[in-house]
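A.B. asks: Coordinates in run.pdb, PDB, C-alpha atoms and all ligand atoms, are listed below.
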```
ATOM      1  CA  MET A   1    -195.420 101.623 -34.953
ATOM      2  CA  LEU A   2    -192.961 102.928 -32.385
ATOM      3  CA  THR A   3    -192.392 100.807 -29.339
ATOM      4  CA  LYS A   4    -190.768 101.756 -26.108
ATOM      5  CA  THR A   5    -188.450  98.778 -26.075
ATOM      6  CA  ASP A   6    -186.640  99.408 -29.354
ATOM      7  CA  PRO A   7    -183.696 101.733 -28.574
ATOM      8  CA  SER A   8    -183.557 103.123 -32.114
ATOM      9  CA  ASN A   9    -187.164 104.197 -31.824
ATOM     10  CA  LEU A  10    -186.442 105.795 -28.501
ATOM     11  CA  LYS A  11    -183.899 108.003 -30.231
ATOM     12  CA  LEU A  12    -186.286 108.912 -33.014
ATOM     13  CA  GLY A  13    -189.162 109.860 -30.793
ATOM     14  CA  ALA A  14    -187.162 110.921 -27.783
ATOM     15  CA  THR A  15    -189.294 113.904 -26.842
ATOM     16  CA  GLU A  16    -192.473 111.847 -26.921
ATOM     17  CA  LEU A  17    -191.282 108.614 -25.420
ATOM     18  CA  GLU A  18    -188.992 109.694 -22.603
ATOM     19  CA  LEU A  19    -190.710 109.603 -19.247
ATOM     20  CA  PRO A  20    -189.702 112.443 -16.948
ATOM     21  CA  GLU A  21    -187.827 111.482 -13.794
ATOM     22  CA  PRO A  22    -190.034 110.383 -10.904
ATOM     23  CA  GLY A  23    -191.530 113.378  -9.159
ATOM     24  CA  LYS A  24    -190.820 115.773 -12.036
ATOM     25  CA  SER A  25    -194.401 115.992 -13.280
ATOM     26  CA  PHE A  26    -197.094 117.315 -10.968
ATOM     27  CA  PHE A  27    -199.056 114.108 -11.432
ATOM     28  CA  SER A  28    -197.453 110.869 -12.438
ATOM     29  CA  VAL A  29    -198.804 107.341 -12.836
ATOM     30  CA  ARG A  30    -196.099 104.762 -13.460
ATOM     31  CA  ASP A  31    -196.915 101.338 -14.750
ATOM     32  CA  ILE A  32    -199.883 100.581 -12.517
ATOM     33  CA  HIS A  33    -201.456  97.119 -12.470
ATOM     34  CA  ALA A  34    -204.823  96.583 -10.788
ATOM     35  CA  TYR A  35    -207.169  93.630 -10.237
ATOM     36  CA  TYR A  36    -210.769  92.916  -9.284
ATOM     37  CA  GLY A  37    -210.119  89.738  -7.353
ATOM     38  CA  GLU A  38    -208.460  87.489  -9.912
ATOM     39  CA  SER A  39    -209.442  89.647 -12.891
ATOM     40  CA  TYR A  40    -206.417  91.504 -14.211
ATOM     41  CA  ILE A  41    -207.857  94.743 -15.625
ATOM     42  CA  VAL A  42    -205.405  97.666 -15.439
ATOM     43  CA  GLN A  43    -202.361  96.238 -17.180
ATOM     44  CA  GLY A  44    -199.559  98.750 -16.916
ATOM     45  CA  ILE A  45    -200.979 102.253 -17.363
ATOM     46  CA  SER A  46    -198.627 105.269 -17.210
ATOM     47  CA  LEU A  47    -199.684 108.933 -17.296
ATOM     48  CA  GLU A  48    -197.850 112.230 -16.843
ATOM     49  CA  LEU A  49    -199.563 115.580 -16.263
ATOM     50  CA  ASN A  50    -198.399 119.059 -15.404
ATOM     51  CA  GLU A  51    -200.312 121.157 -12.914
ATOM     52  CA  GLY A  52    -203.466 122.624 -14.446
ATOM     53  CA  GLU A  53    -203.503 120.322 -17.452
ATOM     54  CA  ILE A  54    -206.574 118.452 -18.638
ATOM     55  CA  LEU A  55    -206.193 114.872 -19.822
ATOM     56  CA  ALA A  56    -208.853 113.130 -21.911
ATOM     57  CA  LEU A  57    -208.742 109.431 -20.995
ATOM     58  CA  LEU A  58    -210.490 107.615 -23.819
ATOM     59  CA  GLY A  59    -211.142 104.136 -25.123
ATOM     60  CA  ARG A  60    -213.857 101.659 -26.026
ATOM     61  CA  ASN A  61    -216.424 100.298 -23.587
ATOM     62  CA  GLY A  62    -214.735  98.058 -21.062
ATOM     63  CA  ALA A  63    -211.239  99.334 -21.941
ATOM     64  CA  GLY A  64    -210.506 100.051 -18.281
ATOM     65  CA  LYS A  65    -211.090 103.815 -18.014
ATOM     66  CA  THR A  66    -213.237 103.749 -14.872
ATOM     67  CA  SER A  67    -210.942 101.148 -13.327
ATOM     68  CA  THR A  68    -207.934 103.410 -13.962
ATOM     69  CA  LEU A  69    -209.654 106.369 -12.276
ATOM     70  CA  ARG A  70    -210.633 104.175  -9.348
ATOM     71  CA  ALA A  71    -207.082 102.860  -9.000
ATOM     72  CA  ILE A  72    -205.774 106.450  -8.950
ATOM     73  CA  ALA A  73    -208.344 107.440  -6.302
ATOM     74  CA  ARG A  74    -207.147 104.389  -4.324
ATOM     75  CA  VAL A  75    -210.584 102.912  -3.768
ATOM     76  CA  ASP A  76    -210.409  99.256  -2.745
ATOM     77  CA  ASP A  77    -211.644  97.799  -6.033
ATOM     78  CA  PRO A  78    -209.713  97.326  -8.270
ATOM     79  CA  GLY A  79    -206.831  96.550  -5.946
ATOM     80  CA  LEU A  80    -203.518  98.117  -6.967
ATOM     81  CA  LYS A  81    -200.921  95.350  -7.118
ATOM     82  CA  SER A  82    -197.938  97.278  -8.421
ATOM     83  CA  GLY A  83    -196.855 100.582  -9.877
ATOM     84  CA  GLU A  84    -196.437 104.077  -8.483
ATOM     85  CA  ILE A  85    -198.625 107.177  -8.353
ATOM     86  CA  TYR A  86    -197.417 110.645  -7.310
ATOM     87  CA  LEU A  87    -199.316 113.902  -6.898
ATOM     88  CA  GLY A  88    -197.415 117.083  -6.108
ATOM     89  CA  GLY A  89    -194.469 115.074  -4.788
ATOM     90  CA  GLU A  90    -196.618 112.880  -2.496
ATOM     91  CA  SER A  91    -197.008 109.175  -3.165
ATOM     92  CA  LEU A  92    -200.552 107.844  -3.562
ATOM     93  CA  HIS A  93    -199.843 104.192  -4.328
ATOM     94  CA  ASP A  94    -199.240 103.463  -0.639
ATOM     95  CA  LYS A  95    -202.341 105.341   0.531
ATOM     96  CA  LYS A  96    -205.991 104.532   1.251
ATOM     97  CA  SER A  97    -208.784 106.366  -0.563
ATOM     98  CA  TYR A  98    -209.483 108.731   2.353
ATOM     99  CA  GLN A  99    -205.789 109.661   2.443
ATOM    100  CA  ALA A 100    -205.742 110.247  -1.318
ATOM    101  CA  ALA A 101    -208.757 112.532  -0.805
ATOM    102  CA  GLN A 102    -206.896 114.416   1.916
ATOM    103  CA  LEU A 103    -204.063 114.916  -0.564
ATOM    104  CA  GLY A 104    -206.507 116.425  -3.076
ATOM    105  CA  VAL A 105    -207.737 113.539  -5.236
ATOM    106  CA  GLN A 106    -211.476 113.804  -5.895
ATOM    107  CA  LEU A 107    -213.311 111.242  -8.008
ATOM    108  CA  VAL A 108    -216.672 112.288  -9.456
ATOM    109  CA  PRO A 109    -218.141 108.918 -10.425
ATOM    110  CA  GLU A 110    -220.519 108.308 -13.270
ATOM    111  CA  ASP A 111    -223.535 108.000 -10.937
ATOM    112  CA  ARG A 112    -222.599 111.298  -9.219
ATOM    113  CA  ARG A 113    -223.481 109.974  -5.736
ATOM    114  CA  ILE A 114    -225.588 112.882  -4.533
ATOM    115  CA  ILE A 115    -226.593 112.142  -0.958
ATOM    116  CA  GLY A 116    -230.319 111.392  -0.813
ATOM    117  CA  GLY A 117    -232.580 113.353   1.524
ATOM    118  CA  LEU A 118    -230.150 116.255   1.794
ATOM    119  CA  THR A 119    -230.465 119.663   0.182
ATOM    120  CA  VAL A 120    -227.909 121.080  -2.235
ATOM    121  CA  GLU A 121    -226.428 123.152   0.553
ATOM    122  CA  GLU A 122    -226.318 120.221   2.974
ATOM    123  CA  ASN A 123    -224.511 118.130   0.349
ATOM    124  CA  LEU A 124    -221.921 120.877   0.036
ATOM    125  CA  THR A 125    -221.606 121.490   3.763
ATOM    126  CA  LEU A 126    -221.102 117.792   4.376
ATOM    127  CA  ALA A 127    -218.216 117.779   1.887
ATOM    128  CA  GLN A 128    -216.635 120.606   3.890
ATOM    129  CA  VAL A 129    -216.657 118.645   7.119
ATOM    130  CA  ALA A 130    -213.607 116.676   6.012
ATOM    131  CA  GLU A 131    -210.207 118.367   6.215
ATOM    132  CA  PRO A 132    -208.633 120.040   4.368
ATOM    133  CA  ARG A 133    -211.501 122.323   3.432
ATOM    134  CA  GLY A 134    -211.753 123.784  -0.025
ATOM    135  CA  TRP A 135    -213.933 126.593  -1.289
ATOM    136  CA  GLU A 136    -216.399 128.472   0.899
ATOM    137  CA  LEU A 137    -220.083 128.224  -0.055
ATOM    138  CA  SER A 138    -220.173 131.823  -1.314
ATOM    139  CA  ARG A 139    -217.353 131.105  -3.760
ATOM    140  CA  ILE A 140    -219.039 127.890  -4.926
ATOM    141  CA  TYR A 141    -222.308 129.739  -5.518
ATOM    142  CA  ASP A 142    -220.488 132.465  -7.488
ATOM    143  CA  HIS A 143    -219.228 129.782  -9.880
ATOM    144  CA  PHE A 144    -222.446 127.745  -9.870
ATOM    145  CA  PRO A 145    -225.374 130.182  -9.926
ATOM    146  CA  ARG A 146    -227.782 127.307 -10.663
ATOM    147  CA  LEU A 147    -226.798 125.668  -7.399
ATOM    148  CA  ALA A 148    -227.284 128.943  -5.564
ATOM    149  CA  GLU A 149    -230.831 129.124  -6.923
ATOM    150  CA  ARG A 150    -231.499 125.568  -5.793
ATOM    151  CA  ARG A 151    -229.634 125.595  -2.480
ATOM    152  CA  THR A 152    -232.684 124.478  -0.455
ATOM    153  CA  GLN A 153    -233.802 121.829  -2.969
ATOM    154  CA  ILE A 154    -233.192 118.132  -2.244
ATOM    155  CA  GLY A 155    -230.051 117.242  -4.249
ATOM    156  CA  THR A 156    -231.432 114.071  -5.807
ATOM    157  CA  THR A 157    -234.377 116.017  -7.310
ATOM    158  CA  LEU A 158    -232.053 118.215  -9.399
ATOM    159  CA  SER A 159    -231.791 117.719 -13.151
ATOM    160  CA  GLY A 160    -228.932 115.522 -14.411
ATOM    161  CA  GLY A 161    -226.851 118.552 -15.350
ATOM    162  CA  GLU A 162    -227.403 120.204 -11.984
ATOM    163  CA  GLN A 163    -226.473 116.993 -10.191
ATOM    164  CA  GLN A 164    -223.257 116.884 -12.207
ATOM    165  CA  MET A 165    -222.551 120.482 -11.178
ATOM    166  CA  LEU A 166    -223.228 119.582  -7.550
ATOM    167  CA  SER A 167    -220.773 116.664  -7.776
ATOM    168  CA  VAL A 168    -218.062 118.936  -9.143
ATOM    169  CA  ALA A 169    -218.908 121.620  -6.576
ATOM    170  CA  ARG A 170    -218.572 119.053  -3.805
ATOM    171  CA  ALA A 171    -215.063 118.244  -5.048
ATOM    172  CA  LEU A 172    -214.221 121.963  -4.882
ATOM    173  CA  ALA A 173    -215.547 122.104  -1.328
ATOM    174  CA  ARG A 174    -212.796 119.571  -0.576
ATOM    175  CA  ASP A 175    -209.634 121.389  -1.694
ATOM    176  CA  VAL A 176    -209.281 119.379  -4.897
ATOM    177  CA  LYS A 177    -205.902 119.219  -6.670
ATOM    178  CA  LEU A 178    -206.664 116.358  -9.046
ATOM    179  CA  LEU A 179    -210.240 116.103 -10.322
ATOM    180  CA  LEU A 180    -211.266 112.778 -11.857
ATOM    181  CA  LEU A 181    -214.450 113.076 -13.926
ATOM    182  CA  ASP A 182    -216.040 109.839 -15.108
ATOM    183  CA  GLU A 183    -218.398 110.506 -18.028
ATOM    184  CA  PRO A 184    -219.574 113.895 -16.796
ATOM    185  CA  TYR A 185    -221.617 114.579 -19.944
ATOM    186  CA  GLU A 186    -223.560 111.327 -19.897
ATOM    187  CA  GLY A 187    -227.257 111.896 -20.456
ATOM    188  CA  LEU A 188    -226.924 115.677 -20.615
ATOM    189  CA  ALA A 189    -228.302 118.027 -23.276
ATOM    190  CA  PRO A 190    -225.666 119.847 -25.373
ATOM    191  CA  VAL A 191    -226.435 123.195 -23.760
ATOM    192  CA  ILE A 192    -225.782 121.705 -20.302
ATOM    193  CA  VAL A 193    -222.605 120.028 -21.579
ATOM    194  CA  GLN A 194    -221.410 123.513 -22.540
ATOM    195  CA  GLU A 195    -222.044 124.750 -19.009
ATOM    196  CA  ILE A 196    -220.031 121.893 -17.534
ATOM    197  CA  GLU A 197    -217.237 122.581 -20.063
ATOM    198  CA  LYS A 198    -217.154 126.201 -18.963
ATOM    199  CA  ILE A 199    -216.786 125.121 -15.346
ATOM    200  CA  VAL A 200    -213.962 122.700 -16.199
ATOM    201  CA  ARG A 201    -212.155 125.522 -18.030
ATOM    202  CA  GLU A 202    -212.570 127.820 -15.020
ATOM    203  CA  ILE A 203    -211.196 125.076 -12.792
ATOM    204  CA  LYS A 204    -208.202 124.717 -15.113
ATOM    205  CA  GLU A 205    -207.545 128.465 -14.850
ATOM    206  CA  LEU A 206    -207.264 127.956 -11.103
ATOM    207  CA  GLY A 207    -204.494 125.421 -11.640
ATOM    208  CA  ILE A 208    -206.509 122.303 -10.850
ATOM    209  CA  THR A 209    -205.444 119.227 -12.815
ATOM    210  CA  THR A 210    -208.262 117.204 -14.389
ATOM    211  CA  ILE A 211    -208.717 113.814 -15.986
ATOM    212  CA  ILE A 212    -211.906 113.491 -17.986
ATOM    213  CA  VAL A 213    -213.249 110.137 -19.176
ATOM    214  CA  GLU A 214    -215.915 110.570 -21.846
ATOM    215  CA  GLN A 215    -217.812 108.648 -24.506
ATOM    216  CA  ASN A 216    -218.227 112.031 -26.163
ATOM    217  CA  ALA A 217    -214.584 111.912 -27.213
ATOM    218  CA  VAL A 218    -214.682 114.979 -29.459
ATOM    219  CA  ALA A 219    -216.030 117.175 -26.657
ATOM    220  CA  ALA A 220    -213.411 115.845 -24.229
ATOM    221  CA  LEU A 221    -210.579 116.275 -26.746
ATOM    222  CA  LYS A 222    -211.550 119.877 -27.468
ATOM    223  CA  LEU A 223    -211.301 120.623 -23.779
ATOM    224  CA  ALA A 224    -208.137 118.648 -23.106
ATOM    225  CA  ASP A 225    -204.423 119.374 -23.485
ATOM    226  CA  LYS A 226    -203.363 115.742 -23.573
ATOM    227  CA  ALA A 227    -205.016 112.483 -24.555
ATOM    228  CA  VAL A 228    -204.442 108.897 -23.580
ATOM    229  CA  ILE A 229    -206.332 106.114 -25.303
ATOM    230  CA  ILE A 230    -206.494 102.862 -23.441
ATOM    231  CA  ASP A 231    -207.337  99.505 -24.920
ATOM    232  CA  MET A 232    -207.696  96.289 -22.955
ATOM    233  CA  GLY A 233    -206.129  97.873 -19.889
ATOM    234  CA  GLU A 234    -203.043  99.185 -21.702
ATOM    235  CA  VAL A 235    -202.036 102.519 -23.183
ATOM    236  CA  ALA A 236    -202.630 102.379 -26.937
ATOM    237  CA  TYR A 237    -201.844 106.055 -27.544
ATOM    238  CA  SER A 238    -200.429 108.915 -25.507
ATOM    239  CA  GLY A 239    -199.949 112.396 -26.894
ATOM    240  CA  SER A 240    -201.628 115.724 -27.485
ATOM    241  CA  ALA A 241    -205.417 115.974 -27.638
ATOM    242  CA  GLN A 242    -205.176 117.923 -30.905
ATOM    243  CA  ASP A 243    -203.184 115.112 -32.518
ATOM    244  CA  VAL A 244    -206.030 112.684 -31.803
ATOM    245  CA  LEU A 245    -208.558 115.089 -33.307
ATOM    246  CA  ASP A 246    -206.328 115.271 -36.401
ATOM    247  CA  ASN A 247    -205.653 111.518 -36.629
ATOM    248  CA  GLU A 248    -208.533 109.807 -38.390
ATOM    249  CA  GLU A 249    -206.973 106.349 -38.214
ATOM    250  CA  LEU A 250    -206.615 106.534 -34.455
ATOM    251  CA  ARG A 251    -210.142 107.838 -34.017
ATOM    252  CA  ASN A 252    -211.574 105.080 -36.207
ATOM    253  CA  GLU A 253    -209.638 102.346 -34.513
ATOM    254  CA  TYR A 254    -210.225 103.168 -30.871
ATOM    255  CA  LEU A 255    -212.924 105.790 -30.592
ATOM    256  CA  ALA A 256    -215.411 105.031 -33.368
ATOM    257  CA  ILE A 257    -215.707 108.715 -34.280
TER     258      ILE A 257
HETATM  259  N1  LIG B   1    -216.231  95.168 -10.060
HETATM  260  C1  LIG B   1    -215.725  94.492 -11.102
HETATM  261  N2  LIG B   1    -215.387  93.202 -11.001
HETATM  262  C2  LIG B   1    -214.861  92.504 -12.036
HETATM  263  N3  LIG B   1    -214.626  93.037 -13.251
HETATM  264  C3  LIG B   1    -214.947  94.323 -13.410
HETATM  265  C4  LIG B   1    -215.513  95.124 -12.373
HETATM  266  N4  LIG B   1    -215.730  96.368 -12.845
HETATM  267  C5  LIG B   1    -215.320  96.350 -14.126
HETATM  268  N5  LIG B   1    -214.840  95.139 -14.468
HETATM  269  C6  LIG B   1    -214.294  94.740 -15.771
HETATM  270  O1  LIG B   1    -213.145  95.510 -16.010
HETATM  271  C7  LIG B   1    -213.060  95.868 -17.386
HETATM  272  C8  LIG B   1    -212.899  97.355 -17.489
HETATM  273  O2  LIG B   1    -214.056  97.986 -16.960
HETATM  274  P1  LIG B   1    -214.149  99.547 -16.790
HETATM  275  O3  LIG B   1    -215.448  99.825 -16.125
HETATM  276  O4  LIG B   1    -212.915 100.056 -16.157
HETATM  277  O5  LIG B   1    -214.172 100.008 -18.305
HETATM  278  P2  LIG B   1    -214.541 101.410 -18.949
HETATM  279  O6  LIG B   1    -213.463 101.703 -19.939
HETATM  280  O7  LIG B   1    -214.803 102.410 -17.893
HETATM  281  O8  LIG B   1    -215.860 101.057 -19.750
HETATM  282  P3  LIG B   1    -217.192 101.916 -20.062
HETATM  283  O9  LIG B   1    -216.861 102.768 -21.228
HETATM  284  O10 LIG B   1    -218.204 100.885 -20.382
HETATM  285  O11 LIG B   1    -217.511 102.715 -18.821
HETATM  286  C9  LIG B   1    -214.321  95.331 -18.038
HETATM  287  O12 LIG B   1    -213.993  94.138 -18.669
HETATM  288  C10 LIG B   1    -215.243  95.096 -16.882
HETATM  289  O13 LIG B   1    -216.120  94.035 -17.142
HETATM  290 MG    MG B   2    -216.467 103.446 -17.318
END
```
Take the structure in the file and give it back as C-alpha cells.
C.D. replies:
Amino acid sequence: MLTKTDPSNLKLGATELELPEPGKSFFSVRDIHAYYGESYIVQGISLELNEGEILALLGRNGAGKTSTLRAIARVDDPGLKSGEIYLGGESLHDKKSYQAAQLGVQLVPEDRRIIGGLTVEENLTLAQVAEPRGWELSRIYDHFPRLAERRTQIGTTLSGGEQQMLSVARALARDVKLLLLDEPYEGLAPVIVQEIEKIVREIKELGITTIIVEQNAVAALKLADKAVIIDMGEVAYSGSAQDVLDNEELRNEYLAI
C-alpha cells in the first residue's frame, strides 16, 4: 500500500498523492481533527474538490461521515480542534456555523429538519429570510414540481422523498455553494431516489459543489466524480468514484457491497 510519508511512493503516485497548494482547489479540507467532548472522532481528514464536483463520502457505520460533514458545516459538535477548511478562497475553520452558512455551506442532515407547523412555502420563505438569498420561489418550483403542487401542505406531512426535496430546496433558497447531503436516499423508494439523483445532477450543472454521504454506496458512486472512504475517522481511500466501483477489494473491505 502507498503511504504519504514514504518519499519513493510520493514519486510513484505523484499525481494522486500531491495535495494542491492551499487555496488552489475550490473546496479544501486539510487535516481536520474534531472531538465530541473528550471523544476523538475525526482524526485527520483531508478532502479536495473543484467547483461543481460531487464527492461520495463513504464508510462503515460509525466511521465518522456525519461528524465530518458537521465539522465542515462548523456546527458546535464535534468541536474542530485543528486543521483548515477553505471554500472559494474563504476560510471556514475560524468561523461559526451561521457564518459558514453565509459563505454558502448548507448541511441537509439525515433527519431533514422540516419545520413543523409550517407549509412547504413557509419553510422555503423562512430559508430566504437569511442573507444572502438564493433562488426565488418560482425557480425552486420549476425544479421541484412536486413541491409546487404541495406548496400549501404542512411540510412535515409530506412523504419522505418530498421532505428530502424540500430540504434540498431550502438549501437552494440560501445561495448554496457547498451542499452537504447526509444519507439523502435513506428510507426512499428507488423511483424517488432517481428523482433526487436528477436534482443533484441539475445542481451540479449549475456549478454547485456537493458532498453526498450514503449507505447506498453504488448509487452515490454512480453520481459522484470523486470518492473518499473513511474508516475510524481517517481517510482509507481517496480517488475517483469509478475506481471504487471497479475495485472489488476496496468495496468488500470498507463498503460491504
Ligand atoms: N454526539 C456524539 N457524542 C459522542 N460521540 C458521538 C456523537 N455522535 C457520534 N459519535 C460517535 O462518533 C463516531 C462517528 O459517528 P458518525 O455519526 O460520524 O458516523 P457515521 O459514519 O455517520 O455513521 P452512520 O453510518 O451510522 O451514520 C461513532 O463512534 C459515534 O458513536
Ligand atoms: Mg451518519
A.B. asks: Run the PyMOL selection byres (((chain A and resi 233) around 6) and not hetatm) mentally over the shown coordinates, then write out the matched residues as JSON, numbers by chain, using the chain letters and numbers from the document.
C.D. replies: {"A": [41, 42, 43, 63, 64, 231, 232, 234]}
A.B. asks: List the neighbours of A:Leu223 out to 12 Å using all atoms listed in the file; skip same-chain residues closer than 4 positions along the sequence, and give me the result as a ChimeraX atom specification.
C.D. replies: /A:53-57,193-194,196-204,210-214,216-219,227,240-242,245
A.B. asks: When you count all atoms listed in the file, which of these residues is closest to A:Val176: A:Phe144, A:Gln128, A:Gln163, A:Leu137?
C.D. replies: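 Among the listed residues, the smallest separation from A:Val176 belongs to A:Gln128.
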A.B. asks: Could you tell me which of A:Ile208, A:Leu172, A:Leu181, A:Leu87 comes closest to ligand LIG 1 (chain B) if we count only C-alpha atoms and all ligand atoms?
C.D. replies: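 Checking each candidate against ligand LIG 1 (chain B), we get A:Leu181 as the closest.
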A.B. asks: Suppose a student applies the PyMOL selection byres (((not hetatm)) within 10 of (chain B and resi 2)) to this structure; what residues should they get, written as a list of chain:residue names?
C.D. replies: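 Taken on the displayed file, the PyMOL selection byres (((not hetatm)) within 10 of (chain B and resi 2)) yields the residues A:Leu58, A:Gly59, A:Arg60, A:Asn61, A:Gly62, A:Ala63, A:Gly64, A:Lys65, A:Thr66, A:Ser67, A:Thr68, A:Leu69, A:Arg70, A:Pro109, A:Glu110, A:Asp182, A:Glu183, A:Val213, A:Glu214, A:Gln215.
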A.B. asks: Deliver the residues from the most recent selection as a file, using C-alpha atoms, as a PDB file, in the frame of the given file.
C.D. replies:
```pdb
ATOM      1  CA  LEU A  58    -210.490 107.615 -23.819  1.00  0.00           C
ATOM      2  CA  GLY A  59    -211.142 104.136 -25.123  1.00  0.00           C
ATOM      3  CA  ARG A  60    -213.857 101.659 -26.026  1.00  0.00           C
ATOM      4  CA  ASN A  61    -216.424 100.298 -23.587  1.00  0.00           C
ATOM      5  CA  GLY A  62    -214.735  98.058 -21.062  1.00  0.00           C
ATOM      6  CA  ALA A  63    -211.239  99.334 -21.941  1.00  0.00           C
ATOM      7  CA  GLY A  64    -210.506 100.051 -18.281  1.00  0.00           C
ATOM      8  CA  LYS A  65    -211.090 103.815 -18.014  1.00  0.00           C
ATOM      9  CA  THR A  66    -213.237 103.749 -14.872  1.00  0.00           C
ATOM     10  CA  SER A  67    -210.942 101.148 -13.327  1.00  0.00           C
ATOM     11  CA  THR A  68    -207.934 103.410 -13.962  1.00  0.00           C
ATOM     12  CA  LEU A  69    -209.654 106.369 -12.276  1.00  0.00           C
ATOM     13  CA  ARG A  70    -210.633 104.175  -9.348  1.00  0.00           C
ATOM     14  CA  PRO A 109    -218.141 108.918 -10.425  1.00  0.00           C
ATOM     15  CA  GLU A 110    -220.519 108.308 -13.270  1.00  0.00           C
ATOM     16  CA  ASP A 182    -216.040 109.839 -15.108  1.00  0.00           C
ATOM     17  CA  GLU A 183    -218.398 110.506 -18.028  1.00  0.00           C
ATOM     18  CA  VAL A 213    -213.249 110.137 -19.176  1.00  0.00           C
ATOM     19  CA  GLU A 214    -215.915 110.570 -21.846  1.00  0.00           C
ATOM     20  CA  GLN A 215    -217.812 108.648 -24.506  1.00  0.00           C
TER      21      GLN A 215
END
```
A.B. asks: Please measure the separation of atom CA of A:Gly83 and atom O1 of ligand LIG 1 (chain B), giving the value in Å to one decimal.
C.D. replies: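 Value for the atom CA of A:Gly83-atom O1 of ligand LIG 1 (chain B) distance: 18.1 Å.
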A.B. asks: Interatomic distance between atom CA of A:Glu131 and atom CA of A:Leu166?
C.D. replies: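 Going from atom CA of A:Glu131 over to atom CA of A:Leu166 covers 19.0 Å.
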A.B. asks: So which one's closest to ligand LIG 1 (chain B), A:Val244, A:Ala220, A:Ile230, A:Leu178? Using all atoms listed in the file, please.
C.D. replies: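 Smallest separation from ligand LIG 1 (chain B) among the options: A:Ile230.
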A.B. asks: Can you translate the PyMOL selection byres (((chain A and resi 151) around 8) and not hetatm) into the concrete residues it hits in this file, as a list in words?
C.D. replies: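 That expression, the PyMOL selection byres (((chain A and resi 151) around 8) and not hetatm), corresponds here to Thr119, Val120, Glu121, Leu147, Ala148, Glu149, Arg150, Thr152 and Gln153 of chain A.
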A.B. asks: Looking at A:Ile45, A:Glu195, A:Val105, A:Ser28, which one is nearest to A:Ile229, with distances taken over only C-alpha atoms?
C.D. replies: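 Using only C-alpha atoms, the shortest distance to A:Ile229 belongs to A:Ile45.
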A.B. asks: Draw an axis-aligned box tight on the listed atoms of ligand LIG 1 (chain B), then pad every side by 4 Å and write out centre and edge lengths in Å to one decimal as JSON.
C.D. replies:
```
{"center_x": -215.6, "center_y": 97.6, "center_z": -15.6, "size_x": 13.3, "size_y": 18.3, "size_z": 19.2}
```
A.B. asks: Between A:Glu162, A:Lys81, A:Gly52, A:Thr125, which has the minimum distance to A:Leu206 (counting all atoms listed in the file)?
C.D. replies: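 Between A:Glu162, A:Lys81, A:Gly52, A:Thr125, the residue approaching A:Leu206 most closely is A:Gly52.
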A.B. asks: Provide the atom CA of A:Ile140 to atom CA of A:Ala169 distance in Å, to one decimal place.
C.D. replies: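 These two atoms are separated by 6.5 Å.
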A.B. asks: Skipping near chain neighbours, those fewer than 3 positions away, what residues fall within 9 Å of A:Gln106 using only C-alpha atoms, listed as a list in words?
C.D. replies: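 Neighbouring residues, sequence-local ones excluded: Ala73, Ala100, Ala101, Val168, Ala171, Leu172, Arg174, Asp175, Val176, Lys177, Leu178, Leu179, Leu180 and Leu181 of chain A.
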A.B. asks: Check the smallest atom-to-atom distance from each of A:Ile72, A:Gly161, A:Val191, A:Tyr237 to A:Gln99 using all atoms listed in the file, then report the winner.
C.D. replies: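 Nearest candidate to A:Gln99 out of A:Ile72, A:Gly161, A:Val191, A:Tyr237: A:Ile72.
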A.B. asks: Is it possible to get the residues within 7 Å of (-199.8, 118.4, -0.9) (coordinates as in the file, counting only C-alpha atoms) written as a short mmCIF file (atom, residue, chain, number, x, y, z; two decimals) with C-alpha atoms, in the coordinates of the input?
C.D. replies:
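Dumped to result-v4.cif:
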```cif
data_model
loop_
_atom_site.label_atom_id
_atom_site.label_comp_id
_atom_site.auth_asym_id
_atom_site.auth_seq_id
_atom_site.Cartn_x
_atom_site.Cartn_y
_atom_site.Cartn_z
CA GLY A 88 -197.42 117.08 -6.11
CA GLU A 90 -196.62 112.88 -2.50
CA LEU A 103 -204.06 114.92 -0.56
#
```
A.B. asks: Complete stretch 189-198 of chain A with N, CA and C atoms (output as a PDB file, in the coordinates of the input).
C.D. replies:
```pdb
ATOM      1  N   ALA A 189    -228.042 117.285 -22.036  1.00  0.00           N
ATOM      2  CA  ALA A 189    -228.302 118.027 -23.276  1.00  0.00           C
ATOM      3  C   ALA A 189    -227.072 118.862 -23.638  1.00  0.00           C
ATOM      4  N   PRO A 190    -226.855 119.093 -24.946  1.00  0.00           N
ATOM      5  CA  PRO A 190    -225.666 119.847 -25.373  1.00  0.00           C
ATOM      6  C   PRO A 190    -225.487 121.189 -24.662  1.00  0.00           C
ATOM      7  N   VAL A 191    -226.557 121.882 -24.402  1.00  0.00           N
ATOM      8  CA  VAL A 191    -226.435 123.195 -23.760  1.00  0.00           C
ATOM      9  C   VAL A 191    -225.906 123.052 -22.327  1.00  0.00           C
ATOM     10  N   ILE A 192    -226.275 121.958 -21.663  1.00  0.00           N
ATOM     11  CA  ILE A 192    -225.782 121.705 -20.302  1.00  0.00           C
ATOM     12  C   ILE A 192    -224.323 121.250 -20.355  1.00  0.00           C
ATOM     13  N   VAL A 193    -224.001 120.440 -21.382  1.00  0.00           N
ATOM     14  CA  VAL A 193    -222.605 120.028 -21.579  1.00  0.00           C
ATOM     15  C   VAL A 193    -221.722 121.279 -21.673  1.00  0.00           C
ATOM     16  N   GLN A 194    -222.195 122.273 -22.402  1.00  0.00           N
ATOM     17  CA  GLN A 194    -221.410 123.513 -22.540  1.00  0.00           C
ATOM     18  C   GLN A 194    -221.193 124.194 -21.185  1.00  0.00           C
ATOM     19  N   GLU A 195    -222.196 124.141 -20.341  1.00  0.00           N
ATOM     20  CA  GLU A 195    -222.044 124.750 -19.009  1.00  0.00           C
ATOM     21  C   GLU A 195    -220.995 124.013 -18.183  1.00  0.00           C
ATOM     22  N   ILE A 196    -221.028 122.691 -18.282  1.00  0.00           N
ATOM     23  CA  ILE A 196    -220.031 121.893 -17.534  1.00  0.00           C
ATOM     24  C   ILE A 196    -218.632 122.180 -18.103  1.00  0.00           C
ATOM     25  N   GLU A 197    -218.535 122.271 -19.434  1.00  0.00           N
ATOM     26  CA  GLU A 197    -217.237 122.581 -20.063  1.00  0.00           C
ATOM     27  C   GLU A 197    -216.692 123.910 -19.549  1.00  0.00           C
ATOM     28  N   LYS A 198    -217.568 124.871 -19.428  1.00  0.00           N
ATOM     29  CA  LYS A 198    -217.154 126.201 -18.963  1.00  0.00           C
ATOM     30  C   LYS A 198    -216.584 126.090 -17.551  1.00  0.00           C
TER      31      LYS A 198
END
```
